[in-house]
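**Q** Coordinates in upload_9.txt, compact mmCIF, C-alpha atoms and all ligand atoms, are listed below.
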# COMPACT_ATOMS: atom_id res chain seq x y z
CA MET A 1 6.21 1.96 -10.69
CA THR A 2 2.69 2.87 -11.84
CA ALA A 3 1.05 5.87 -10.19
CA VAL A 4 -2.57 4.83 -9.70
CA LEU A 5 -3.71 7.94 -7.91
CA GLU A 6 -2.09 11.36 -8.20
CA ALA A 7 -3.26 14.54 -6.50
CA ASP A 8 -1.58 17.70 -7.71
CA SER A 9 -1.65 21.05 -5.88
CA ILE A 10 -4.95 20.48 -4.08
CA THR A 11 -6.38 23.43 -2.20
CA LYS A 12 -9.36 23.27 0.16
CA ARG A 13 -10.66 26.14 2.25
CA TYR A 14 -13.33 26.19 4.93
CA GLY A 15 -14.12 29.89 5.25
CA HIS A 16 -10.91 31.40 6.56
CA VAL A 17 -9.36 28.03 7.39
CA THR A 18 -7.08 26.62 4.69
CA ALA A 19 -7.24 22.87 5.28
CA LEU A 20 -5.12 22.06 2.20
CA ASP A 21 -2.72 24.55 0.69
CA GLY A 22 -1.50 23.07 -2.58
CA ALA A 23 -1.13 19.50 -1.34
CA SER A 24 0.21 16.83 -3.68
CA PHE A 25 0.11 13.10 -3.16
CA THR A 26 0.94 9.95 -5.10
CA ALA A 27 -0.02 6.31 -4.53
CA ASN A 28 1.34 3.43 -6.59
CA ALA A 29 -0.18 0.08 -7.49
CA GLY A 30 0.89 -2.74 -5.22
CA GLU A 31 2.47 -0.42 -2.66
CA VAL A 32 1.59 0.70 0.84
CA THR A 33 1.99 4.46 1.11
CA ALA A 34 1.81 6.01 4.56
CA LEU A 35 0.35 9.50 4.79
CA ILE A 36 1.55 11.10 8.00
CA GLY A 37 1.42 14.52 9.62
CA ASP A 38 0.57 16.27 12.85
CA ASN A 39 -3.06 16.79 13.93
CA GLY A 40 -4.67 19.34 11.63
CA ALA A 41 -2.11 18.82 8.84
CA GLY A 42 -4.92 18.02 6.38
CA LYS A 43 -4.72 14.22 6.12
CA SER A 44 -8.43 13.48 6.60
CA THR A 45 -9.40 16.36 4.31
CA LEU A 46 -7.19 14.94 1.56
CA VAL A 47 -8.65 11.45 2.06
CA LYS A 48 -12.21 12.82 1.84
CA ILE A 49 -11.39 14.67 -1.37
CA LEU A 50 -9.79 11.58 -2.91
CA SER A 51 -12.81 9.47 -1.84
CA GLY A 52 -15.40 11.77 -3.41
CA VAL A 53 -16.86 12.95 -0.08
CA ILE A 54 -15.97 16.63 -0.40
CA ALA A 55 -15.03 18.78 -3.39
CA HIS A 56 -11.68 20.60 -3.55
CA ASP A 57 -11.28 24.23 -4.60
CA GLU A 58 -8.18 23.96 -6.81
CA GLY A 59 -5.86 21.28 -8.15
CA THR A 60 -6.18 18.10 -10.17
CA ILE A 61 -6.72 14.41 -9.48
CA ARG A 62 -5.56 11.67 -11.82
CA LEU A 63 -6.56 8.03 -11.68
CA ASP A 64 -4.45 5.71 -13.87
CA GLY A 65 -3.12 8.83 -15.57
CA GLU A 66 -6.57 10.14 -16.54
CA ARG A 67 -7.88 13.32 -15.02
CA VAL A 68 -10.98 12.56 -12.95
CA ARG A 69 -13.60 14.45 -11.02
CA LEU A 70 -14.87 12.36 -8.12
CA GLU A 71 -18.53 13.32 -7.90
CA SER A 72 -19.54 11.29 -4.84
CA PRO A 73 -18.37 8.44 -2.60
CA GLN A 74 -20.49 6.13 -4.77
CA HIS A 75 -18.63 7.34 -7.87
CA ALA A 76 -15.26 6.81 -6.17
CA ARG A 77 -16.33 3.28 -5.18
CA GLU A 78 -17.33 2.54 -8.78
CA LEU A 79 -13.78 3.51 -9.74
CA GLY A 80 -12.41 0.98 -7.25
CA ILE A 81 -11.57 3.45 -4.47
CA GLU A 82 -12.57 2.23 -0.99
CA THR A 83 -12.08 4.12 2.23
CA VAL A 84 -12.12 3.41 5.95
CA PHE A 85 -12.95 6.88 7.24
CA GLN A 86 -11.66 8.09 10.59
CA ASP A 87 -15.29 8.20 11.78
CA LEU A 88 -15.97 4.78 10.13
CA ALA A 89 -19.24 5.73 8.34
CA LEU A 90 -21.18 2.56 9.15
CA ALA A 91 -24.98 2.23 9.22
CA PRO A 92 -25.57 1.86 12.99
CA ASP A 93 -28.90 0.02 12.72
CA LEU A 94 -27.59 -2.61 10.31
CA GLY A 95 -25.51 -5.65 11.20
CA PRO A 96 -21.92 -6.39 10.11
CA ALA A 97 -23.03 -8.46 7.09
CA GLU A 98 -25.56 -5.85 5.96
CA ASN A 99 -22.98 -3.08 6.35
CA MET A 100 -20.55 -5.07 4.26
CA PHE A 101 -23.06 -5.44 1.42
CA VAL A 102 -24.84 -2.05 1.56
CA GLY A 103 -25.51 -1.07 -2.06
CA ARG A 104 -24.02 -4.37 -3.24
CA GLU A 105 -26.56 -6.84 -1.93
CA ILE A 106 -26.45 -10.36 -3.31
CA LEU A 107 -29.79 -11.63 -4.60
CA ARG A 108 -30.94 -15.23 -4.52
CA GLY A 109 -30.81 -17.32 -7.68
CA GLY A 110 -33.93 -18.02 -9.74
CA TRP A 111 -37.34 -16.49 -9.16
CA GLY A 112 -36.54 -15.25 -5.66
CA GLY A 113 -33.70 -13.13 -7.00
CA ARG A 114 -35.83 -11.78 -9.79
CA LEU A 115 -38.31 -10.68 -7.14
CA GLY A 116 -35.49 -8.97 -5.22
CA VAL A 117 -35.12 -11.55 -2.45
CA LEU A 118 -31.71 -11.20 -0.77
CA ASP A 119 -29.37 -14.16 -0.37
CA LYS A 120 -28.83 -13.49 3.32
CA ALA A 121 -27.16 -16.84 3.95
CA ARG A 122 -24.50 -16.16 1.34
CA MET A 123 -23.87 -12.60 2.56
CA ARG A 124 -23.62 -13.90 6.12
CA ARG A 125 -21.14 -16.61 5.05
CA GLU A 126 -18.93 -14.21 3.06
CA ALA A 127 -18.98 -11.60 5.81
CA LEU A 128 -18.10 -14.16 8.46
CA GLU A 129 -15.19 -15.43 6.34
CA SER A 130 -13.77 -11.89 6.18
CA PHE A 131 -14.09 -11.33 9.90
CA VAL A 132 -12.53 -14.68 10.72
CA SER A 133 -9.64 -14.01 8.32
CA MET A 134 -9.01 -10.76 10.16
CA GLY A 135 -9.01 -12.60 13.47
CA THR A 136 -11.78 -10.50 14.97
CA ASP A 137 -14.39 -11.70 17.45
CA VAL A 138 -17.31 -10.23 15.46
CA LYS A 139 -19.74 -13.18 15.45
CA ASP A 140 -23.34 -12.04 15.02
CA MET A 141 -23.60 -10.89 11.42
CA PHE A 142 -27.00 -9.23 11.85
CA ALA A 143 -26.85 -7.52 15.27
CA PRO A 144 -26.83 -3.71 14.86
CA VAL A 145 -23.24 -2.44 14.68
CA ALA A 146 -24.24 0.26 17.19
CA SER A 147 -24.19 -2.52 19.81
CA LEU A 148 -20.57 -3.51 19.02
CA SER A 149 -17.41 -2.30 20.76
CA GLY A 150 -15.27 0.41 19.14
CA GLY A 151 -12.70 -2.14 18.06
CA GLN A 152 -15.35 -4.42 16.55
CA ARG A 153 -16.88 -1.53 14.62
CA GLN A 154 -13.45 -0.63 13.31
CA SER A 155 -13.02 -4.25 12.19
CA VAL A 156 -16.34 -4.14 10.32
CA ALA A 157 -15.34 -0.96 8.46
CA ILE A 158 -11.92 -2.38 7.60
CA CYS A 159 -13.26 -5.74 6.38
CA ARG A 160 -15.86 -4.05 4.20
CA SER A 161 -13.31 -1.81 2.50
CA ILE A 162 -10.75 -4.57 2.04
CA LYS A 163 -13.37 -6.79 0.44
CA TRP A 164 -14.32 -4.25 -2.23
CA ALA A 165 -11.10 -2.30 -2.92
CA SER A 166 -9.93 -3.10 -6.44
CA ASN A 167 -7.78 -0.06 -7.17
CA VAL A 168 -7.15 2.15 -4.14
CA LEU A 169 -7.71 1.57 -0.42
CA PHE A 170 -7.55 4.44 2.10
CA LEU A 171 -7.34 3.61 5.80
CA ASP A 172 -7.62 6.76 7.95
CA GLU A 173 -6.30 5.83 11.41
CA PRO A 174 -7.70 2.28 11.11
CA THR A 175 -6.08 0.81 14.20
CA ALA A 176 -6.86 3.61 16.68
CA ALA A 177 -9.43 1.50 18.62
CA LEU A 178 -7.73 -1.88 18.13
CA GLY A 179 -5.68 -4.00 20.49
CA VAL A 180 -2.17 -5.24 19.75
CA ARG A 181 -3.21 -8.52 18.11
CA GLN A 182 -5.89 -6.96 15.90
CA THR A 183 -3.53 -4.16 14.91
CA ARG A 184 -1.03 -6.80 13.80
CA ASN A 185 -3.77 -8.51 11.78
CA VAL A 186 -4.72 -5.24 10.09
CA LEU A 187 -1.10 -4.56 9.14
CA ASP A 188 -0.81 -8.08 7.71
CA LEU A 189 -4.03 -7.56 5.76
CA VAL A 190 -2.74 -4.24 4.45
CA ARG A 191 0.29 -6.02 3.00
CA ARG A 192 -1.92 -8.73 1.49
CA VAL A 193 -4.21 -6.18 -0.18
CA ALA A 194 -1.17 -4.39 -1.65
CA ALA A 195 0.12 -7.76 -2.89
CA ARG A 196 -3.02 -8.13 -5.01
CA GLY A 197 -2.03 -4.90 -6.82
CA VAL A 198 -4.09 -2.35 -4.91
CA ALA A 199 -2.58 1.02 -3.94
CA VAL A 200 -3.01 1.12 -0.16
CA ILE A 201 -2.79 4.39 1.76
CA LEU A 202 -2.35 4.13 5.52
CA ILE A 203 -2.79 7.06 7.87
CA SER A 204 -1.38 6.37 11.30
CA HIS A 205 0.23 8.09 14.24
CA ASN A 206 2.15 4.96 15.13
CA MET A 207 5.59 5.51 13.58
CA PRO A 208 6.94 1.98 14.23
CA ASP A 209 3.83 0.57 12.46
CA VAL A 210 4.30 3.04 9.59
CA LEU A 211 7.95 2.10 9.13
CA GLN A 212 7.18 -1.60 9.36
CA VAL A 213 4.40 -1.77 6.79
CA SER A 214 5.07 1.03 4.26
CA ASP A 215 6.92 1.04 0.97
CA ARG A 216 6.81 4.84 0.86
CA ILE A 217 5.94 7.60 3.29
CA GLU A 218 4.56 11.04 2.42
CA VAL A 219 4.45 13.82 4.99
CA LEU A 220 1.83 16.59 5.13
CA ARG A 221 2.34 19.73 7.15
CA LEU A 222 0.07 22.78 7.20
CA GLY A 223 -1.82 21.47 4.18
CA ARG A 224 1.20 20.74 1.98
CA ARG A 225 3.40 17.77 1.16
CA VAL A 226 6.72 18.59 2.78
CA ALA A 227 8.66 15.34 2.43
CA GLN A 228 8.71 11.85 0.91
CA PHE A 229 10.70 8.93 2.31
CA PRO A 230 11.26 5.27 1.42
CA GLY A 231 9.88 2.86 4.02
CA GLN A 232 13.27 1.14 4.24
CA GLY A 233 16.14 2.93 5.92
CA THR A 234 14.14 5.87 7.29
CA SER A 235 14.21 6.69 11.01
CA ILE A 236 11.45 7.84 13.34
CA GLU A 237 13.52 10.99 13.99
CA GLN A 238 13.43 11.85 10.28
CA LEU A 239 9.66 11.38 10.15
CA VAL A 240 9.03 13.45 13.28
CA GLY A 241 11.42 16.13 12.01
CA ALA A 242 9.47 16.42 8.75
CA MET A 243 6.09 16.44 10.54
CA THR A 244 7.08 19.17 12.99
CA GLY A 245 9.14 21.27 10.58
CA ALA A 246 12.36 20.80 12.55
CA LEU A 247 14.10 19.62 9.37
CA ASP A 248 13.10 22.73 7.38
CA GLN A 249 14.55 24.97 10.07
CA ARG A 250 17.82 23.12 9.91
CA ALA A 251 17.87 23.51 6.13
CA ALA A 252 16.94 27.20 6.27
N1 LIG A 301 -15.50 20.70 8.01
C1 LIG A 301 -14.54 21.54 8.42
N2 LIG A 301 -14.82 22.83 8.70
C2 LIG A 301 -13.85 23.69 9.09
N3 LIG A 301 -12.56 23.36 9.22
C3 LIG A 301 -12.21 22.08 8.96
C4 LIG A 301 -13.17 21.11 8.55
N4 LIG A 301 -12.54 19.93 8.35
C5 LIG A 301 -11.24 20.16 8.63
N5 LIG A 301 -11.04 21.43 9.00
C6 LIG A 301 -9.75 22.04 9.38
O1 LIG A 301 -8.81 21.73 8.37
C7 LIG A 301 -7.54 21.43 8.94
C8 LIG A 301 -7.13 20.02 8.51
O2 LIG A 301 -7.96 19.07 9.20
P1 LIG A 301 -7.87 17.50 8.96
O3 LIG A 301 -7.87 17.23 7.50
O4 LIG A 301 -8.92 16.88 9.77
O5 LIG A 301 -6.41 17.19 9.54
P2 LIG A 301 -5.77 15.80 10.04
O6 LIG A 301 -6.63 14.68 9.57
O7 LIG A 301 -4.40 15.80 9.44
O8 LIG A 301 -5.71 15.88 11.54
C9 LIG A 301 -7.69 21.62 10.43
O9 LIG A 301 -7.27 22.93 10.73
C10 LIG A 301 -9.16 21.45 10.65
O10 LIG A 301 -9.58 22.16 11.80
MG MG A 302 -7.61 13.09 10.57
Since I need it in another form, could you write the structure as structure tokens?

**A**
Amino acid sequence: MTAVLEADSITKRYGHVTALDGASFTANAGEVTALIGDNGAGKSTLVKILSGVIAHDEGTIRLDGERVRLESPQHARELGIETVFQDLALAPDLGPAENMFVGREILRGGWGGRLGVLDKARMRREALESFVSMGTDVKDMFAPVASLSGGQRQSVAICRSIKWASNVLFLDEPTAALGVRQTRNVLDLVRRVAARGVAVILISHNMPDVLQVSDRIEVLRLGRRVAQFPGQGTSIEQLVGAMTGALDQRAA
């Protein structure tokens, strides 16, 4: 198995708060890795560090075995790392299609393109295809996403990241605002993205979903990795025990 992304002993402090306390994490190509832990365990902080949003204090990050410093979200995206952040990070005044192509706009062919004229029809078509394949009811590709429902906004963020992820895809609580059918679609999509060789990292509080979709599960507690499990043959009780520390007490 090829480790695409490896975080080793990552520390991150906010003043007196230690958000990450020597956290390690590994994601492999073509696998879905679940990152689980109680509220405040450090999951979102780790995702932001591995997406270039915030800088860590100590520790190393390796991408395809090479040590990297992720300077910015843009830099992470250039390296093929896409992220659906817990707070989505969409441009509220732009429509679904424009959000999907922010910074990656398609220009028209010929003179128009040379003058910087956007190929809106093509962006609209490609965006619509993504939303339809996800089974969402997002229809107007240019209405401001601020006017969409929470679930629709979540769909826009997920479709955008899935479209562009070539190496690593982080999904931080992606199904929190989704209904049962859309959640199922997202989990199916997650498997399909992994099948094209991408390392997919899913953060979720839904343990049945985690066990259903993941190849591996890593558990964070108090800013550290405390356990790793295979997706097959692991029970919800084992996961909850690792998240809450009940298992450590038994071992101690
Ligand atoms: N910007 C911040 N400033 C201060 N403390 C923060 C900040 N972001 C996160 N934290 C703290 O770091 C810890 C980990 O938070 P977070 O990564 O959001 O956990 P999780 O996503 O697992 O719920 C928490 O104690 C949280 O309050
Ligand atoms: Mg979080």

**Q** Taking 3 positions as the minimum chain separation for residues in the same chain, which residues sit within 9 Å of Ser72 in chain A when counting all atoms listed in the file? Answer as a tab-separated table (two decimals) with C-alpha atoms, keeping the file's coordinate frame.

**A**
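What follows is the written file result-v9.tsv:
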chain	number	residue	atom	x	y	z
A	51	SER	CA	-12.81	9.47	-1.84
A	52	GLY	CA	-15.40	11.77	-3.41
A	53	VAL	CA	-16.86	12.95	-0.08
A	54	ILE	CA	-15.97	16.63	-0.40
A	55	ALA	CA	-15.03	18.78	-3.39
A	75	HIS	CA	-18.63	7.34	-7.87
A	76	ALA	CA	-15.26	6.81	-6.17
A	77	ARG	CA	-16.33	3.28	-5.18

**Q** Of the candidates A:Gly223, A:Gly40, A:Pro144, A:Gly103, which shows the shortest atom-to-atom distance to ligand MG 302 (chain A), using only C-alpha atoms and all ligand atoms?

**A**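 Among the listed residues, A:Gly40 lies closest to ligand MG 302 (chain A).
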
**Q** Return as a PyMOL selection string every polymer residue, whether protein, DNA or RNA, with at least one atom no more than 12 Å from an atom of ligand MG 302 (chain A); count all atoms listed in the file.

**A** chain A and resi 19+35-48+84-88+171-174+176+202-205+220

**Q** Those same residues - C-alpha atoms - I'd like them written as a PDB file, in the coordinates of the input.

**A**
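Output saved as again_24.pdb:
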ATOM      1  CA  ALA A  19      -7.240  22.870   5.280  1.00  0.00           C
ATOM      2  CA  LEU A  35       0.350   9.500   4.790  1.00  0.00           C
ATOM      3  CA  ILE A  36       1.550  11.100   8.000  1.00  0.00           C
ATOM      4  CA  GLY A  37       1.420  14.520   9.620  1.00  0.00           C
ATOM      5  CA  ASP A  38       0.570  16.270  12.850  1.00  0.00           C
ATOM      6  CA  ASN A  39      -3.060  16.790  13.930  1.00  0.00           C
ATOM      7  CA  GLY A  40      -4.670  19.340  11.630  1.00  0.00           C
ATOM      8  CA  ALA A  41      -2.110  18.820   8.840  1.00  0.00           C
ATOM      9  CA  GLY A  42      -4.920  18.020   6.380  1.00  0.00           C
ATOM     10  CA  LYS A  43      -4.720  14.220   6.120  1.00  0.00           C
ATOM     11  CA  SER A  44      -8.430  13.480   6.600  1.00  0.00           C
ATOM     12  CA  THR A  45      -9.400  16.360   4.310  1.00  0.00           C
ATOM     13  CA  LEU A  46      -7.190  14.940   1.560  1.00  0.00           C
ATOM     14  CA  VAL A  47      -8.650  11.450   2.060  1.00  0.00           C
ATOM     15  CA  LYS A  48     -12.210  12.820   1.840  1.00  0.00           C
ATOM     16  CA  VAL A  84     -12.120   3.410   5.950  1.00  0.00           C
ATOM     17  CA  PHE A  85     -12.950   6.880   7.240  1.00  0.00           C
ATOM     18  CA  GLN A  86     -11.660   8.090  10.590  1.00  0.00           C
ATOM     19  CA  ASP A  87     -15.290   8.200  11.780  1.00  0.00           C
ATOM     20  CA  LEU A  88     -15.970   4.780  10.130  1.00  0.00           C
ATOM     21  CA  LEU A 171      -7.340   3.610   5.800  1.00  0.00           C
ATOM     22  CA  ASP A 172      -7.620   6.760   7.950  1.00  0.00           C
ATOM     23  CA  GLU A 173      -6.300   5.830  11.410  1.00  0.00           C
ATOM     24  CA  PRO A 174      -7.700   2.280  11.110  1.00  0.00           C
ATOM     25  CA  ALA A 176      -6.860   3.610  16.680  1.00  0.00           C
ATOM     26  CA  LEU A 202      -2.350   4.130   5.520  1.00  0.00           C
ATOM     27  CA  ILE A 203      -2.790   7.060   7.870  1.00  0.00           C
ATOM     28  CA  SER A 204      -1.380   6.370  11.300  1.00  0.00           C
ATOM     29  CA  HIS A 205       0.230   8.090  14.240  1.00  0.00           C
ATOM     30  CA  LEU A 220       1.830  16.590   5.130  1.00  0.00           C
TER      31      LEU A 220
END

**Q** Could you tell me how far atom C3 of ligand LIG 301 (chain A) lies from CA of Thr11 in chain A, in Å and to one decimal?

**A** 12.7 Å

**Q** Counting only C-alpha atoms and all ligand atoms, which of A:Ile201, A:Ala89, A:Ala7, A:Leu222 gets nearest to ligand LIG 301 (chain A)?

**A**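 Going through A:Ile201, A:Ala89, A:Ala7, A:Leu222 one by one, the smallest distance to ligand LIG 301 (chain A) is for A:Leu222.
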
**Q** Smallest atom-to-atom distance to ligand LIG 301 (chain A): which of A:Leu107, A:Met141, A:Val219, A:Leu239, using only C-alpha atoms and all ligand atoms?

**A**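 Smallest distance to ligand LIG 301 (chain A) is found for A:Val219.
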